[in-house]
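Taking it in order: structure first as structure tokens, then the write-up.
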Amino acid sequence: MKKALITGITGQDGFFLSKQLLEKGYEVHGLVRNDSRQCLGSLRCLPRELSDELSLHKCDITDHETVMVILKDEQFDEIYHLSAQSFVGHSFDQPRITNNTNIGGTQNVVDAIRLFYPHTKLYFAATSELFGRAVESPQNENTPFYPRSPYGISKLAGYWIVKNNREGYGLWGVNGILFNHESELRGEKFVTRKITKSIASIVTGAQDELRIGNLNIKRDWGFSGDYVDAMWRMLQHDIPDDYVIATGENYSLREFTERAFKVVDVDIVWEGEGVNEVGRDASTGRVLVRVDPEFFRPAENECVLGDCTKARKVLGWKPTLGFDRLIERMVKADLKFMKKTSYV
Ligand code: NAP
């Protein structure tokens, strides 16, 4: 039986990855900052028979000593290093916490692997935010990096820590350069989930309108459940390498919003420009979406599009859930949450 550790197991990807690994028969361990039930985040959605199988270790990833002790005591075949201050918006306000977590935490994991169990295969959660103000489109593994946020900068350092240790010390480590991926378990501060949750609140009368930032940004959005499968495939390959994981299609935030409202049979018509733009319900004229400069970022990646040809060829990976089905899944789950029925 293979033994895997997931750091960041309480997050969105932690849920889908732990579920997949447990179903594959892995012994799955996870790092959690706090093991009280209300702090287990997405893990609370795991079916009981699976969550009972998990071994959780209390550890802040910035705590060098505890990371060392856990990795010394438990020798893992695979480590999926997902823990991060993952919200780009917060990284502008909290660059030091972002660096300590994303750079320091990654260094801790790499140091412990090198010192105690160099056979471990390491997955590092890199990101399309490395490309930032992308110099070409679509972006692949050879596209130069130009991060535009403290988050992107911290993840670029993590990328180089893994690559440098791979080249210099034989670390079996890969960088998964994953483009945006979503699900009904996406953190509520992230814009896609904010949209789907707001729609559920509007429909049930708990909220009047959705306030949102730059509607023109374009993202390449996939499904978290597909992307964790790519992580696993990277670690099953013989040679450690870096891979872009993306759908190869991008849509604006305006299109995401329109299609999400469509799930509840509302057609949005847009009016005005820039900060004065609003989205109205076409049949009633009621304003349901309002642009709010509070949500604009100091620096923004306008257009993000990934080319995952390498992953398709080498790993045999491809996305299974398209844009419309992903949005439908999220809106319907939020409506269900809103109506206080249980998840899955
Ligand atoms: P997420 O839902 O925000 O989860 C982040 C996880 O990191 C949570 O489990 C969180 O634990 C943990 N964490 C944060 N600070 C920590 C610390 N100091 N010590 C220990 N754990 C800490 O993120 P996700 O969407 O699952 O993404 C997983 C990884 O992929 C992240 O590294 C993210 O940056 C990266 N990524 C995500 C995307 C995407 O679109 N989702 C795209 C590219 C890359 P708590 O529950 O205690 O807060």
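Ligands are numbered from 1 in the order shown, residues from 1 within each chain, and chains are lettered A, B, ... in the order they appear in the structure tokens.
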May I have a table of the residues of chain A lying at most 7 Å from ligand 1, giving each one's closest pair of atoms and their distance in Å to one decimal, counting only C-alpha atoms and all ligand atoms, ordered by chain and ascending residue number, as CSV?
```
residue,atom,partner,partner_atom_place_in_ligand_line,distance
A:Thr7,CA,ligand 1,21 (N),6.4
A:Gly8,CA,ligand 1,9 (O),3.3
A:Ile9,CA,ligand 1,9 (O),4.8
A:Thr10,CA,ligand 1,9 (O),3.8
A:Gly11,CA,ligand 1,2 (O),3.3
A:Gln12,CA,ligand 1,26 (O),3.7
A:Asp13,CA,ligand 1,26 (O),3.7
A:Gly14,CA,ligand 1,26 (O),5.6
A:Leu31,CA,ligand 1,20 (C),6.6
A:Val32,CA,ligand 1,47 (O),6.0
A:Arg33,CA,ligand 1,47 (O),4.9
A:Asn34,CA,ligand 1,47 (O),6.6
A:Cys39,CA,ligand 1,46 (O),6.4
A:Leu40,CA,ligand 1,46 (O),6.3
A:Gly41,CA,ligand 1,46 (O),5.6
A:Cys59,CA,ligand 1,20 (C),6.2
A:Asp60,CA,ligand 1,19 (N),3.6
A:Ile61,CA,ligand 1,19 (N),3.8
A:Thr62,CA,ligand 1,18 (N),5.5
A:Leu82,CA,ligand 1,32 (O),4.1
A:Ser83,CA,ligand 1,7 (O),3.3
A:Ala84,CA,ligand 1,7 (O),4.3
A:Gln85,CA,ligand 1,14 (C),4.9
A:Ser86,CA,ligand 1,34 (O),3.9
A:Phe87,CA,ligand 1,3 (O),6.6
A:Thr101,CA,ligand 1,18 (N),5.1
A:Ala125,CA,ligand 1,30 (O),4.6
A:Ala126,CA,ligand 1,44 (C),5.3
A:Thr127,CA,ligand 1,43 (C),3.9
A:Ser128,CA,ligand 1,43 (C),6.2
A:Ile177,CA,ligand 1,43 (C),6.7
A:Leu178,CA,ligand 1,43 (C),4.5
A:Phe179,CA,ligand 1,42 (C),5.1
A:Asn180,CA,ligand 1,40 (O),3.3
A:His181,CA,ligand 1,40 (O),3.9
A:Glu182,CA,ligand 1,41 (N),6.0
A:Arg186,CA,ligand 1,2 (O),6.1
A:Gly187,CA,ligand 1,2 (O),5.6
A:Ser224,CA,ligand 1,41 (N),7.0
```
**Residue neighbourhood Val69 (chain A), 10 Å, only C-alpha atoms, exclusion window fewer than 4 positions, as JSON, numbers by chain** = {"A": [64, 65, 73, 74, 112, 116]}
Write the residues of the preceding selection, restricted to N, CA and C atoms, as a PDB file, in the first residue's frame.
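The resulting file, again.pdb, is reproduced below:
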```pdb
ATOM      1  N   HIS A  64       9.144  24.744  10.990  1.00  0.00           N
ATOM      2  CA  HIS A  64      10.206  23.888  10.457  1.00  0.00           C
ATOM      3  C   HIS A  64      10.363  22.606  11.271  1.00  0.00           C
ATOM      4  N   GLU A  65      10.389  22.768  12.599  1.00  0.00           N
ATOM      5  CA  GLU A  65      10.672  21.624  13.472  1.00  0.00           C
ATOM      6  C   GLU A  65       9.587  20.540  13.356  1.00  0.00           C
ATOM      7  N   ASP A  73       9.385  10.746  11.101  1.00  0.00           N
ATOM      8  CA  ASP A  73       8.680   9.602  11.682  1.00  0.00           C
ATOM      9  C   ASP A  73       7.924   8.782  10.638  1.00  0.00           C
ATOM     10  N   GLU A  74       7.337   9.477   9.687  1.00  0.00           N
ATOM     11  CA  GLU A  74       6.495   8.818   8.682  1.00  0.00           C
ATOM     12  C   GLU A  74       7.232   8.895   7.356  1.00  0.00           C
ATOM     13  N   ALA A 112      13.144  18.541   4.577  1.00  0.00           N
ATOM     14  CA  ALA A 112      12.846  17.300   5.313  1.00  0.00           C
ATOM     15  C   ALA A 112      12.961  16.086   4.392  1.00  0.00           C
ATOM     16  N   PHE A 116      15.596  13.190   5.353  1.00  0.00           N
ATOM     17  CA  PHE A 116      15.114  11.960   5.989  1.00  0.00           C
ATOM     18  C   PHE A 116      14.669  10.857   5.036  1.00  0.00           C
TER      19      PHE A 116
END
```
**Complete:** If you count only C-alpha atoms, the residue of A:Leu21, A:Val331, A:Ile239, A:Ala206 closest to Lys262 (chain A) turns out to be A:Val331
**Request:** Determine, counting only C-alpha atoms, which protein, DNA and RNA residues have an atom within 12 Å of an atom of Thr284 (chain A); residues of the same chain fewer than 2 positions away are not included. Present the result as a list of chain:residue names.
**Result:**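 In the requested format, the answer is A:Val266, A:Asp267, A:Ile268, A:Val269, A:Gly279, A:Arg280, A:Asp281, A:Ala282, A:Arg286, A:Val287, A:Leu288.
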Please dump the current selection as a PDB file, in the first residue's frame; keep C-alpha atoms.
```
ATOM      1  CA  VAL A 266     -32.064  34.616 -15.486  1.00  0.00           C
ATOM      2  CA  ASP A 267     -30.776  36.415 -18.602  1.00  0.00           C
ATOM      3  CA  ILE A 268     -28.413  39.263 -17.777  1.00  0.00           C
ATOM      4  CA  VAL A 269     -28.183  42.364 -19.974  1.00  0.00           C
ATOM      5  CA  GLY A 279     -26.069  43.722 -15.063  1.00  0.00           C
ATOM      6  CA  ARG A 280     -29.873  43.723 -15.142  1.00  0.00           C
ATOM      7  CA  ASP A 281     -32.351  40.886 -15.161  1.00  0.00           C
ATOM      8  CA  ALA A 282     -33.596  41.091 -18.783  1.00  0.00           C
ATOM      9  CA  ARG A 286     -33.761  44.730 -11.702  1.00  0.00           C
ATOM     10  CA  VAL A 287     -30.027  45.353 -11.138  1.00  0.00           C
ATOM     11  CA  LEU A 288     -28.445  42.070 -10.066  1.00  0.00           C
TER      12      LEU A 288
END
```
**Request:** Check region 61-173 of chain A with DSSP on the backbone and list each residue it calls helix (DSSP H, G or I), as JSON, numbers by chain.
**Result:** {"A": [64, 65, 66, 67, 68, 69, 70, 71, 72, 73, 88, 89, 90, 91, 92, 93, 95, 96, 97, 98, 99, 100, 101, 102, 103, 104, 105, 106, 107, 108, 109, 110, 111, 112, 113, 114, 115, 116, 128, 129, 130, 150, 151, 152, 153, 154, 155, 156, 157, 158, 159, 160, 161, 162, 163, 164, 165, 166, 167, 168, 169]}
**Request:** Record the distance separating CA of Asn142 (chain A) and CA of Thr309 (chain A), expressed in Å with one decimal.
**Result:**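 We find that CA of Asn142 (chain A) and CA of Thr309 (chain A) lie 12.0 Å from each other.
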**Prompt:** At what distance in Å, to one decimal, does CA of Gly173 (chain A) lie from CA of Val314 (chain A)?
**Reply:** 16.4 Å
**Complete:** In Å and to one decimal, CA of Phe337 (chain A) is distant from CA of Arg48 (chain A) by 18.8 Å
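With only C-alpha atoms as the atoms that count, the minimum distance from Asn250 (chain A) to the choices A:Asp238, A:Asp292, A:Asp334, A:Glu302 is reached by A:Glu302.
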**Request:** Could you give me, as a PyMOL selection string, the residues within 9 Å of Ser55 (chain A), counting only C-alpha atoms and dropping anything in the same chain fewer than 4 positions from it?
**Result:** chain A and resi 27-31+51
Could you save those same residues with N, CA and C atoms as a compact mmCIF listing (two decimals), in the first residue's frame?
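Contents of part26.txt, freshly written:
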```txt
# COMPACT_ATOMS: atom_id res chain seq x y z
N GLU A 27 -2.73 4.78 1.71
CA GLU A 27 -2.80 5.21 3.11
C GLU A 27 -2.57 6.73 3.06
N VAL A 28 -3.59 7.51 3.44
CA VAL A 28 -3.50 8.96 3.25
C VAL A 28 -3.34 9.69 4.59
N HIS A 29 -2.32 10.53 4.64
CA HIS A 29 -2.08 11.39 5.80
C HIS A 29 -2.27 12.84 5.36
N GLY A 30 -2.64 13.68 6.32
CA GLY A 30 -2.79 15.10 5.99
C GLY A 30 -2.26 15.99 7.10
N LEU A 31 -1.78 17.16 6.71
CA LEU A 31 -1.38 18.16 7.70
C LEU A 31 -2.54 19.12 7.89
N SER A 51 -13.39 9.39 5.53
CA SER A 51 -12.69 10.29 6.47
C SER A 51 -12.12 9.51 7.66
```
**Message:** For the strand (DSSP E) assignment from backbone DSSP, which residues of region 156-262 of chain A qualify? Please present them as number ranges by chain.
**Reply:** A: 172-178, 181-182, 210-212, 218-219, 222-223, 243-245, 251-252
